[in-house]
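A.B. asks: Enclosed is the structure file upload.txt (compact mmCIF, C-alpha atoms and all ligand atoms).
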```txt
# COMPACT_ATOMS: atom_id res chain seq x y z
CA MET A 51 23.91 44.07 -96.73
CA GLU A 52 20.48 45.03 -95.47
CA GLN A 53 18.10 42.01 -95.58
CA GLY A 54 15.42 43.89 -97.55
CA LYS A 55 17.86 44.65 -100.38
CA ILE A 56 18.83 41.03 -100.96
CA LYS A 57 16.66 39.19 -103.48
CA LEU A 58 14.50 36.34 -102.18
CA ALA A 59 13.99 33.16 -104.20
CA ILE A 60 11.92 30.03 -103.67
CA VAL A 61 13.31 26.76 -105.01
CA THR A 62 11.02 23.76 -104.65
CA GLY A 63 12.73 20.45 -103.99
CA GLY A 64 15.82 22.45 -103.07
CA GLY A 65 17.20 19.80 -100.70
CA SER A 66 18.49 17.40 -103.35
CA GLY A 67 19.60 16.90 -106.92
CA ILE A 68 19.02 19.72 -109.36
CA GLY A 69 17.13 21.86 -106.81
CA LEU A 70 20.08 21.71 -104.44
CA ALA A 71 22.47 22.74 -107.21
CA ILE A 72 20.22 25.68 -108.15
CA THR A 73 20.10 26.70 -104.48
CA GLU A 74 23.90 26.51 -104.21
CA LYS A 75 24.31 28.81 -107.23
CA PHE A 76 21.73 31.27 -105.89
CA VAL A 77 23.33 31.37 -102.44
CA GLN A 78 26.80 31.83 -103.95
CA ALA A 79 25.34 34.79 -105.86
CA GLY A 80 24.03 36.30 -102.60
CA ILE A 81 20.36 35.46 -103.17
CA ARG A 82 18.37 34.47 -100.07
CA THR A 83 16.80 31.17 -101.05
CA VAL A 84 13.84 29.43 -99.43
CA ILE A 85 13.96 25.71 -100.13
CA ILE A 86 10.65 23.87 -99.90
CA GLY A 87 10.50 20.11 -99.44
CA ARG A 88 8.80 17.38 -97.48
CA ASP A 89 11.78 16.20 -95.42
CA ILE A 90 12.70 18.96 -92.97
CA GLN A 91 15.80 17.11 -91.76
CA LYS A 92 17.19 17.05 -95.30
CA LEU A 93 16.38 20.75 -95.74
CA ASN A 94 17.98 21.64 -92.39
CA ASN A 95 21.14 19.77 -93.37
CA THR A 96 21.29 21.71 -96.64
CA SER A 97 20.78 24.99 -94.83
CA GLU A 98 23.54 24.15 -92.32
CA LYS A 99 25.88 23.43 -95.21
CA LEU A 100 24.99 26.51 -97.26
CA GLY A 101 24.56 29.03 -94.44
CA ASP A 102 22.01 31.67 -93.45
CA LEU A 103 21.04 32.65 -96.99
CA CYS A 104 19.43 29.19 -97.37
CA ILE A 105 16.11 29.05 -95.53
CA PRO A 106 14.44 25.63 -95.04
CA VAL A 107 10.63 25.47 -95.16
CA GLN A 108 8.73 22.20 -94.88
CA GLY A 109 5.86 21.69 -97.30
CA ASP A 110 4.30 18.94 -99.37
CA LEU A 111 3.35 20.57 -102.65
CA SER A 112 0.90 17.81 -103.49
CA ASP A 113 -1.26 19.24 -100.68
CA LEU A 114 -2.78 21.98 -102.83
CA ASN A 115 -4.98 23.36 -100.06
CA ALA A 116 -1.90 24.17 -97.99
CA ILE A 117 -0.13 26.18 -100.73
CA PRO A 118 -1.72 29.63 -100.17
CA ALA A 119 -0.80 29.61 -96.46
CA LEU A 120 2.66 28.23 -97.24
CA VAL A 121 3.33 31.17 -99.57
CA SER A 122 1.90 33.86 -97.30
CA ASN A 123 3.90 32.51 -94.34
CA ILE A 124 7.11 32.63 -96.37
CA ILE A 125 6.40 36.19 -97.50
CA SER A 126 5.36 37.45 -94.07
CA GLN A 127 8.48 35.96 -92.47
CA HIS A 128 11.06 36.64 -95.17
CA GLY A 129 9.72 39.41 -97.42
CA PRO A 130 8.67 39.60 -101.07
CA VAL A 131 9.73 36.82 -103.42
CA SER A 132 11.21 37.87 -106.76
CA ILE A 133 12.34 34.46 -108.09
CA LEU A 134 10.39 31.20 -108.15
CA VAL A 135 11.93 27.97 -109.42
CA ASN A 136 9.37 25.19 -109.82
CA ASN A 137 11.87 22.34 -109.62
CA ALA A 138 10.22 19.65 -107.45
CA GLY A 139 9.08 16.71 -109.49
CA ILE A 140 8.53 12.98 -109.46
CA ASN A 141 8.87 10.31 -112.12
CA GLN A 142 7.53 6.82 -112.62
CA LYS A 143 8.83 4.26 -115.08
CA LYS A 144 6.09 1.78 -115.96
CA ILE A 145 4.80 0.27 -119.17
CA PHE A 146 1.88 2.18 -120.67
CA THR A 147 -0.84 -0.42 -120.06
CA GLU A 148 0.11 -0.85 -116.39
CA VAL A 149 -0.14 2.82 -115.43
CA THR A 150 -3.25 3.25 -113.29
CA ASP A 151 -5.42 6.35 -113.22
CA GLU A 152 -4.14 6.92 -109.69
CA ASP A 153 -0.50 6.72 -110.86
CA PHE A 154 -1.24 9.20 -113.64
CA GLN A 155 -3.04 11.65 -111.36
CA ARG A 156 -0.33 11.42 -108.67
CA ILE A 157 2.41 12.44 -111.13
CA LEU A 158 0.30 15.23 -112.62
CA LEU A 159 -0.59 16.53 -109.16
CA THR A 160 3.04 17.11 -108.16
CA ASN A 161 4.58 17.95 -111.54
CA LEU A 162 1.81 20.12 -112.96
CA THR A 163 -1.12 21.10 -110.75
CA ALA A 164 1.11 22.01 -107.80
CA VAL A 165 3.31 24.09 -110.12
CA PHE A 166 0.22 25.99 -111.25
CA SER A 167 -1.08 26.55 -107.70
CA LEU A 168 2.27 27.63 -106.29
CA SER A 169 2.96 29.92 -109.25
CA ARG A 170 -0.47 31.53 -108.93
CA GLU A 171 0.07 32.30 -105.24
CA VAL A 172 3.63 33.60 -105.70
CA VAL A 173 2.71 35.64 -108.80
CA LYS A 174 -0.07 37.45 -106.86
CA HIS A 175 2.66 38.78 -104.55
CA MET A 176 5.15 39.43 -107.36
CA LEU A 177 2.55 41.64 -109.06
CA GLU A 178 2.28 43.75 -105.91
CA HIS A 179 6.06 44.03 -105.52
CA GLY A 180 7.38 45.06 -108.92
CA GLY A 181 7.55 41.76 -110.80
CA GLY A 182 9.91 38.82 -110.84
CA SER A 183 11.13 35.76 -112.63
CA VAL A 184 9.52 32.30 -112.72
CA ILE A 185 11.51 29.30 -113.92
CA ASN A 186 9.85 25.98 -114.65
CA ILE A 187 11.66 22.69 -115.20
CA SER A 188 10.73 20.48 -118.13
CA SER A 189 12.55 17.44 -119.56
CA MET A 190 13.71 15.72 -122.73
CA ALA A 191 10.43 13.78 -122.35
CA ALA A 192 8.71 16.89 -123.72
CA GLN A 193 11.14 17.21 -126.69
CA TYR A 194 10.73 13.69 -128.12
CA GLY A 195 9.02 10.43 -127.22
CA ILE A 196 10.50 8.37 -124.37
CA PRO A 197 8.83 5.04 -123.59
CA LYS A 198 7.47 4.03 -120.14
CA VAL A 199 7.07 7.56 -118.75
CA ILE A 200 3.60 8.49 -119.95
CA ALA A 201 2.43 10.57 -116.97
CA TYR A 202 5.80 12.30 -116.60
CA THR A 203 5.75 13.14 -120.33
CA ALA A 204 2.22 14.53 -120.11
CA SER A 205 3.19 16.68 -117.13
CA LYS A 206 6.39 18.06 -118.67
CA SER A 207 4.74 18.79 -122.04
CA ALA A 208 2.07 20.71 -120.17
CA ILE A 209 4.74 22.65 -118.23
CA GLU A 210 6.17 23.93 -121.52
CA GLY A 211 2.73 25.07 -122.73
CA MET A 212 2.03 26.68 -119.40
CA THR A 213 5.39 28.49 -119.52
CA LYS A 214 4.39 30.17 -122.79
CA ALA A 215 0.86 31.00 -121.62
CA MET A 216 2.19 32.48 -118.37
CA ALA A 217 4.88 34.42 -120.25
CA VAL A 218 2.45 36.17 -122.58
CA GLU A 219 0.04 37.00 -119.79
CA LEU A 220 2.54 38.03 -117.12
CA SER A 221 5.48 39.58 -119.00
CA PRO A 222 3.59 42.85 -119.66
CA GLN A 223 3.28 43.10 -115.88
CA GLY A 224 6.99 42.62 -115.21
CA ILE A 225 7.14 38.89 -114.61
CA ARG A 226 9.35 36.87 -116.94
CA VAL A 227 8.51 33.18 -117.22
CA ASN A 228 10.98 30.70 -118.67
CA CYS A 229 11.63 27.00 -118.66
CA ILE A 230 14.76 24.85 -118.54
CA ALA A 231 14.66 21.45 -120.23
CA PRO A 232 17.45 19.42 -118.62
CA GLY A 233 18.94 16.56 -120.57
CA PHE A 234 20.14 13.51 -118.69
CA ILE A 235 21.59 14.88 -115.45
CA ALA A 236 23.30 12.75 -112.81
CA THR A 237 20.85 12.74 -109.85
CA ASP A 238 18.86 10.18 -107.82
CA MET A 239 15.97 10.52 -110.26
CA SER A 240 18.02 9.71 -113.36
CA SER A 241 19.95 6.94 -111.62
CA LYS A 242 16.62 5.23 -110.74
CA ALA A 243 15.63 5.41 -114.41
CA LEU A 244 18.99 4.51 -115.95
CA ASP A 245 21.24 2.54 -113.58
CA ASN A 246 19.49 -0.82 -113.89
CA ASP A 247 18.61 -0.29 -117.55
CA PRO A 248 21.93 -0.21 -119.47
CA GLU A 249 20.16 -0.15 -122.82
CA ARG A 250 18.27 3.03 -121.87
CA LYS A 251 21.43 4.64 -120.50
CA HIS A 252 23.32 3.77 -123.68
CA LYS A 253 20.51 5.22 -125.79
CA ALA A 254 20.47 8.45 -123.76
CA LEU A 255 24.23 8.94 -124.02
CA ASP A 256 24.44 7.80 -127.62
CA ARG A 257 22.27 10.66 -128.78
CA THR A 258 24.05 13.21 -126.57
CA PRO A 259 26.72 14.84 -128.76
CA MET A 260 28.74 15.80 -125.67
CA GLY A 261 28.73 12.13 -124.67
CA VAL A 262 28.31 12.44 -120.89
CA LEU A 263 25.55 13.01 -118.34
CA GLY A 264 25.15 16.60 -117.23
CA LEU A 265 25.81 17.81 -113.71
CA PRO A 266 23.14 19.37 -111.47
CA ALA A 267 25.35 22.48 -111.38
CA ASP A 268 24.87 22.89 -115.16
CA ILE A 269 21.16 23.44 -114.49
CA GLY A 270 22.05 25.70 -111.54
CA ASP A 271 24.07 27.98 -113.81
CA ALA A 272 21.22 28.21 -116.34
CA ALA A 273 18.68 28.99 -113.60
CA LEU A 274 20.91 31.72 -112.15
CA PHE A 275 21.23 33.27 -115.61
CA LEU A 276 17.48 33.15 -116.34
CA ALA A 277 16.69 34.55 -112.89
CA GLY A 278 19.00 37.53 -113.24
CA ASP A 279 19.19 40.85 -115.06
CA GLY A 280 21.38 39.30 -117.77
CA ALA A 281 18.18 37.64 -118.99
CA ARG A 282 16.04 40.78 -118.66
CA TYR A 283 14.80 40.53 -122.28
CA ILE A 284 14.23 36.76 -122.22
CA THR A 285 10.76 35.38 -121.57
CA GLY A 286 8.74 32.38 -122.71
CA VAL A 287 11.72 30.29 -123.78
CA VAL A 288 12.39 26.62 -123.21
CA LEU A 289 16.17 26.37 -122.78
CA PRO A 290 17.61 22.90 -123.29
CA VAL A 291 20.61 22.26 -121.04
CA ASP A 292 21.35 18.85 -122.41
CA GLY A 293 24.79 18.48 -124.03
CA GLY A 294 22.93 18.53 -127.35
CA ASN A 295 20.68 15.56 -126.50
CA SER A 296 17.53 17.17 -127.88
CA ILE A 297 19.12 17.74 -131.28
CA GLY A 298 21.17 14.54 -131.25
CA PHE A 299 21.03 11.96 -134.04
P1 LIG A 301 15.31 14.44 -107.30
O1 LIG A 301 14.39 13.28 -107.08
O2 LIG A 301 16.74 14.33 -106.88
O3 LIG A 301 14.72 15.75 -106.63
C1 LIG A 301 13.36 16.09 -106.69
C2 LIG A 301 13.04 16.92 -105.48
O4 LIG A 301 11.65 17.24 -105.49
C3 LIG A 301 13.32 16.17 -104.17
O5 LIG A 301 13.96 17.04 -103.28
C4 LIG A 301 11.93 15.83 -103.68
O6 LIG A 301 11.85 15.71 -102.28
C5 LIG A 301 11.13 17.04 -104.19
N1 LIG A 301 9.71 16.75 -104.22
C6 LIG A 301 9.07 15.77 -104.89
N2 LIG A 301 7.75 15.79 -104.62
C7 LIG A 301 7.55 16.83 -103.76
C8 LIG A 301 6.41 17.35 -103.10
N3 LIG A 301 5.19 16.80 -103.24
N4 LIG A 301 6.55 18.41 -102.29
C9 LIG A 301 7.79 18.97 -102.10
N5 LIG A 301 8.91 18.51 -102.70
C10 LIG A 301 8.78 17.45 -103.50
O7 LIG A 301 15.20 14.76 -108.84
P2 LIG A 301 16.05 15.74 -109.79
O8 LIG A 301 16.67 14.87 -110.81
O9 LIG A 301 16.87 16.69 -109.00
O10 LIG A 301 14.83 16.50 -110.51
C11 LIG A 301 14.52 17.87 -110.29
C12 LIG A 301 13.65 18.34 -111.45
O11 LIG A 301 14.37 18.20 -112.67
C13 LIG A 301 12.36 17.54 -111.62
O12 LIG A 301 11.31 18.41 -112.01
C14 LIG A 301 12.69 16.60 -112.74
O13 LIG A 301 11.55 16.18 -113.45
C15 LIG A 301 13.59 17.47 -113.59
N6 LIG A 301 14.47 16.73 -114.51
C16 LIG A 301 15.48 15.92 -114.06
C17 LIG A 301 16.29 15.28 -114.98
C18 LIG A 301 17.44 14.41 -114.59
O14 LIG A 301 18.10 13.85 -115.48
N7 LIG A 301 17.76 14.25 -113.31
C19 LIG A 301 16.06 15.45 -116.35
C20 LIG A 301 15.01 16.26 -116.75
C21 LIG A 301 14.24 16.91 -115.81
```
Starting from the file, give its structure as structure tokens.
Ligand code: NAD

C.D. replies:
Amino acid sequence: MEQGKIKLAIVTGGGSGIGLAITEKFVQAGIRTVIIGRDIQKLNNTSEKLGDLCIPVQGDLSDLNAIPALVSNIISQHGPVSILVNNAGINQKKIFTEVTDEDFQRILLTNLTAVFSLSREVVKHMLEHGGGSVINISSMAAQYGIPKVIAYTASKSAIEGMTKAMAVELSPQGIRVNCIAPGFIATDMSSKALDNDPERKHKALDRTPMGVLGLPADIGDAALFLAGDGARYITGVVLPVDGGNSIGF
């Protein structure tokens, strides 16, 4: 197929965990996928495994000043982007009174401000090239209260608000904006939070009607759906992919 006819996606944090699973699904569906991350070796390994449709690009999204050039370099080298998945994120488990202002700002910088800056830059190009689809990643932390993750909760709650604000402003111009709220998914991030805290893990699973952790691929499937034409009339939603955790008793 001619390169220009194949859709181009950006997946942040595409070298591991949920981002990697989203990238795998996109590549399997024939979507050229730029994965952005800080560790180029990790990204290169992913690209070697997934093949030419997976394009590694090094970038630290917490460096806001570098984002405009990062986006224009991607577009000048690989063409217009029609899908953006804001997946990269960090977490910190700490009791409320011990979280410093620096801790709080660091989490918000990566999980929220960088998502805004990257989306703004990508959307400018999407508007010039016939629209697109933006997918943000929230969390159960934005559906109900989880202790010891104050900054993460603030960032993910804001992501859901921003999804709706972006959807109403951008949908009339052909850009759908949606959000996936993963439940407890087996990745490095969740194992850091749960593996040495059996009580927390029990609590998470106990209120998950399906009774097991989700797989990164479950989020990949949802992202592929929201990115594609099958979701052409869907915008502004927060889709839980959580085995029922968010409605669990
Ligand atoms: P992960 O730690 O395995 O992956 C996160 C990725 O983001 C990594 O590749 C990391 O390098 C990248 N990243 C972090 N900071 C970055 C930066 N400044 N610049 C570029 N890349 C950066 O975690 P995951 O579990 O795969 O999480 C992916 C997303 O899903 C996150 O937004 C997370 O909050 C969300 N999430 C995860 C779960 C879960 O149970 N695992 C649940 C809810 C939401």

A.B. asks: I need the residue nearest ligand LIG 301 (chain A) from this list: A:Ser189, A:Asn123, A:Asn115, A:Ser241. Use all atoms listed in the file for the distance.

C.D. replies: A:Ser189

A.B. asks: Kindly compile the residues surrounding ligand LIG 301 (chain A) within 7 Å, counting all atoms listed in the file, and format them as a PyMOL selection string.

C.D. replies: chain A and resi 62-69+86-89+109-112+137-141+160-161+187-190+231-240

A.B. asks: Using only C-alpha atoms, determine which residues lie at most 12 Å from A:Gly211, disregarding the query and same-chain residues fewer than 3 positions distant; provide the list as a ChimeraX atom specification.

C.D. replies: /A:162,166,186-188,192,204-208,214-218,227-229,286-288

A.B. asks: State, in Å with one decimal place, the distance from atom CA of A:Leu58 to atom CA of A:Ile124.

C.D. replies: 10.1 Å

A.B. asks: With distances taken over all atoms listed in the file, which residue among A:Gly293, A:Gly129, A:Pro106, A:Pro248 lies nearest A:Lys57?

C.D. replies: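 Among the listed residues, A:Gly129 lies closest to A:Lys57.
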
A.B. asks: Just the number, please: distance in Å from atom CA of A:Ser221 to atom CA of A:Ile185, one decimal.

C.D. replies: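 Computed distance, atom CA of A:Ser221 to atom CA of A:Ile185, equals 13.0 Å.
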
A.B. asks: Quick one: residues within 6 Å of A:Ile60, only C-alpha atoms, excluding same-chain residues fewer than 3 positions away - as a list in words?

C.D. replies: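 My reading of the contact set: Thr83, Val84, Ile85 and Leu134 of chain A.
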
A.B. asks: Let me make sure I understand: among A:Ala254, A:Val291, A:Ala243, A:Ala79, which one has the smallest atom-to-atom distance to A:Gln142 if we use all atoms listed in the file?

C.D. replies: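 Nearest to A:Gln142: A:Ala243.
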
A.B. asks: Do you know which residues are at most 10 Å from A:Ile117 counting only C-alpha atoms, after dropping those on the same chain fewer than 3 positions away, and could you put them as a compact mmCIF listing (two decimals) with C-alpha atoms, in the coordinates of the input?

C.D. replies:
```txt
# COMPACT_ATOMS: atom_id res chain seq x y z
CA GLY A 109 5.86 21.69 -97.30
CA ASP A 110 4.30 18.94 -99.37
CA LEU A 111 3.35 20.57 -102.65
CA SER A 112 0.90 17.81 -103.49
CA ASP A 113 -1.26 19.24 -100.68
CA LEU A 114 -2.78 21.98 -102.83
CA LEU A 120 2.66 28.23 -97.24
CA VAL A 121 3.33 31.17 -99.57
CA SER A 122 1.90 33.86 -97.30
CA ASN A 123 3.90 32.51 -94.34
CA ALA A 164 1.11 22.01 -107.80
CA SER A 167 -1.08 26.55 -107.70
CA LEU A 168 2.27 27.63 -106.29
CA SER A 169 2.96 29.92 -109.25
CA ARG A 170 -0.47 31.53 -108.93
CA GLU A 171 0.07 32.30 -105.24
CA VAL A 172 3.63 33.60 -105.70
```

A.B. asks: Can you work out the spacing between atom CA of A:Asn95 and atom CA of A:Val61 in Å, to one decimal?

C.D. replies: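 Distance reported for this atom pair: 15.7 Å.
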
A.B. asks: Taking into account only C-alpha atoms, which residue in the set A:Ile105, A:Ile297, A:Val131, A:Leu100 is nearest to A:Ile56?

C.D. replies: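 When distances to A:Ile56 are compared using only C-alpha atoms, the smallest one comes from A:Val131.
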
A.B. asks: Of the candidates A:Asp271, A:Asp279, A:Asp292, A:Asp256, which one gets nearest to A:Ile72 if we count only C-alpha atoms?

C.D. replies: A:Asp271

A.B. asks: Would you kindly return, as an mmCIF file with C-alpha atoms, in the frame of the given file, each protein, DNA or RNA residue with an atom no farther than 7 Å from any atom of A:Gly294, considering all atoms listed in the file and excluding same-chain residues fewer than 2 positions away?

C.D. replies:
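What ended up in result.cif:
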```
data_model
loop_
_atom_site.group_PDB
_atom_site.id
_atom_site.type_symbol
_atom_site.label_atom_id
_atom_site.label_comp_id
_atom_site.auth_asym_id
_atom_site.auth_seq_id
_atom_site.Cartn_x
_atom_site.Cartn_y
_atom_site.Cartn_z
ATOM 1 C CA THR A 258 24.050 13.210 -126.570
ATOM 2 C CA PRO A 259 26.720 14.840 -128.760
ATOM 3 C CA MET A 260 28.740 15.800 -125.670
ATOM 4 C CA ASP A 292 21.350 18.850 -122.410
ATOM 5 C CA SER A 296 17.530 17.170 -127.880
ATOM 6 C CA ILE A 297 19.120 17.740 -131.280
ATOM 7 C CA GLY A 298 21.170 14.540 -131.250
#
```

A.B. asks: Hey, could you pull the box centre and edge lengths for stretch 217-226 of chain A, axis-aligned, 4 Å padding per side, all listed atoms, to one decimal in Å, as JSON?

C.D. replies:
```
{"center_x": 4.7, "center_y": 38.8, "center_z": -118.6, "size_x": 17.3, "size_y": 16.7, "size_z": 16.0}
```
